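Quick notes on the structure that follows.
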Amino acid sequence: GFDFEIRKYDAKTQNTLTGAKFSVYEDEQCTKTVTGLENISVNNLGIFSGKLPGLGTYYIKETQAPTGYKLRNDVIVINATTSYTLVEIADERMTGTLNFKKKDADDDSIDNLAGAEYQLYVFDGTKIFTDENYDYSATGTTDTFVTDKNGLTITGLPWGSYYLVETKAPDGYELNDKKVHFTISRSGTVSDDEEIVVNVSQADSEKTATLMLTKTDEMTGEPLKNAWYKVQKKVGDEWEDAAFPYYATNAAGELRIEGVKFGEYRLVEINAPTG
């Protein structure tokens, strides 16, 4: 036989790759494999060494790409004209897709919040730009990404470590200044369309409100002290006692409750003022 080698490498870094498999065919249509050269694997150096049955033209197809790399769909032609033939085959890295969800820190039933704005950076602080469809582009001009009812998706990201920074919270929520870190790498989950998919989320806290009540004498208008109230919140069609203590009006007849989250509330008098 005639010796030949396949060397598998990363198209970007030129580093050799493991995990690739190939078949060698006698015909251009790749219907008849060369005996002993079906679904062959490169070794841990990214190399397969084998023998061809003779000089001539052969055809190679990749049957399995290394993890995190795109499977080549083309047919690689080799012309064996000497006793040794080297075939070098490069694979392109899969790009990454970020799926992001904006959560409500106070209500698990809310799957996603629309209207949050983010910017995306590489770990070294370099800002990421995309086209208008949020697909990564070295010449893109979009640098602010807004969640909708389904969240936020950024596609075409090269391998690397990234972080998101919230620049505007959804209406009614507090801005979360914590960075959302994620990594696009060959160890990620691969989708059917050969994208490395990363799912991350971040929760914002609801802004709080203050409830105020003034208790007065219906006849004289004078403020009334020591009227006691409890807070109830509407849950579905029912009113339930909320997680607040009981409150009493002060000498000015006033009652103030701070830190109230989103919802429909009512104050229920449980003890009237003396007299």
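For the structure tokens, the naming scheme is as follows: chains receive sequential letters (A, B, ...) according to their order of presentation, residues are indexed from 1 within each chain, and ligands are indexed from 1 in presentation order.
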Please identify all polymer residues within 10 Å of Ala252 (chain A), counting only C-alpha atoms, omitting same-chain residues fewer than 4 positions from it, and present them as an NGL selection string. :A and (214-216 or 222-225)
How would you write, as JSON, numbers by chain, the set of residues in region 185-270 of chain A that DSSP gives as strand (DSSP E)? {"A": [189, 190, 196, 197, 198, 199, 200, 201, 202, 203, 204, 209, 210, 211, 212, 213, 214, 228, 229, 230, 231, 232, 233, 234, 235, 238, 239, 240, 241, 247, 248, 254, 255, 256, 257, 258, 259, 260, 265, 266, 267, 268, 269, 270]}
Among listed residues A:Trp228, A:Phe100, A:Phe262, A:Trp159, nearest Ser205 (chain A) (using only C-alpha atoms): A:Phe262
Selection near Thr139 (chain A), 9 Å with only C-alpha atoms, sequence-local residues under 5 positions removed, as a list in words: Phe129, Thr130 and Asp131 of chain A
List the spatial neighbours of Glu166 (chain A) as a list in words - criterion: any atom at most 9 Å away, only C-alpha atoms, same-chain residues fewer than 6 positions off excluded. Ala116, Glu117, Tyr118, Gln119, Leu175, Asn176, Asp177, Lys178, Lys179 and Val180 of chain A
Output C-alpha atoms of each residue in that selection to a file, as a PDB file, in the first residue's frame.
ATOM      1  CA  ALA A 116     -34.450  45.767  29.909  1.00  0.00           C
ATOM      2  CA  GLU A 117     -31.433  47.166  28.043  1.00  0.00           C
ATOM      3  CA  TYR A 118     -27.976  45.591  28.079  1.00  0.00           C
ATOM      4  CA  GLN A 119     -24.524  46.039  26.626  1.00  0.00           C
ATOM      5  CA  LEU A 175     -31.334  48.531  37.922  1.00  0.00           C
ATOM      6  CA  ASN A 176     -29.150  45.489  38.628  1.00  0.00           C
ATOM      7  CA  ASP A 177     -25.484  46.495  38.441  1.00  0.00           C
ATOM      8  CA  LYS A 178     -24.077  42.965  38.677  1.00  0.00           C
ATOM      9  CA  LYS A 179     -22.328  41.608  35.580  1.00  0.00           C
ATOM     10  CA  VAL A 180     -23.796  38.504  33.944  1.00  0.00           C
TER      11      VAL A 180
END
Pick out the residues sitting within 10 Å of region 33-44 of chain A, and hand them over as a ChimeraX atom specification; count only C-alpha atoms, and ignore anything fewer than 4 positions along from it in its own chain. /A:5-8,16-27,48-53,58-64,66
Selection: 9 Å around Ser185 (chain A), only C-alpha atoms, excl. self and same-chain fewer than 2 positions, as number ranges by chain: A: 68, 94-96, 158-161, 183, 187-188, 196
Selected residue, from A:Tyr136, A:Ala272, A:Val260, A:Asn226, that lies nearest to Thr210 (chain A) when counting only C-alpha atoms: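 Of the candidates, the smallest distance to Thr210 (chain A) is held by A:Val260.
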Here is a test: counting only C-alpha atoms, which residue of A:Thr31, A:Thr249, A:Asn271, A:Asn79 is nearest to Phe4 (chain A)?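 Nearest candidate to Phe4 (chain A) out of A:Thr31, A:Thr249, A:Asn271, A:Asn79: A:Asn79.
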Contacts of Ala114 (chain A) at 10 Å (only C-alpha atoms; same-chain gap of 3+ positions) as an NGL selection string: :A and (101-103 or 117 or 146-152 or 169-171)
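Closest to Leu86 (chain A) among A:Ile47, A:Lys32, A:Asp193, A:Val122 is A:Ile47, based on only C-alpha atoms.
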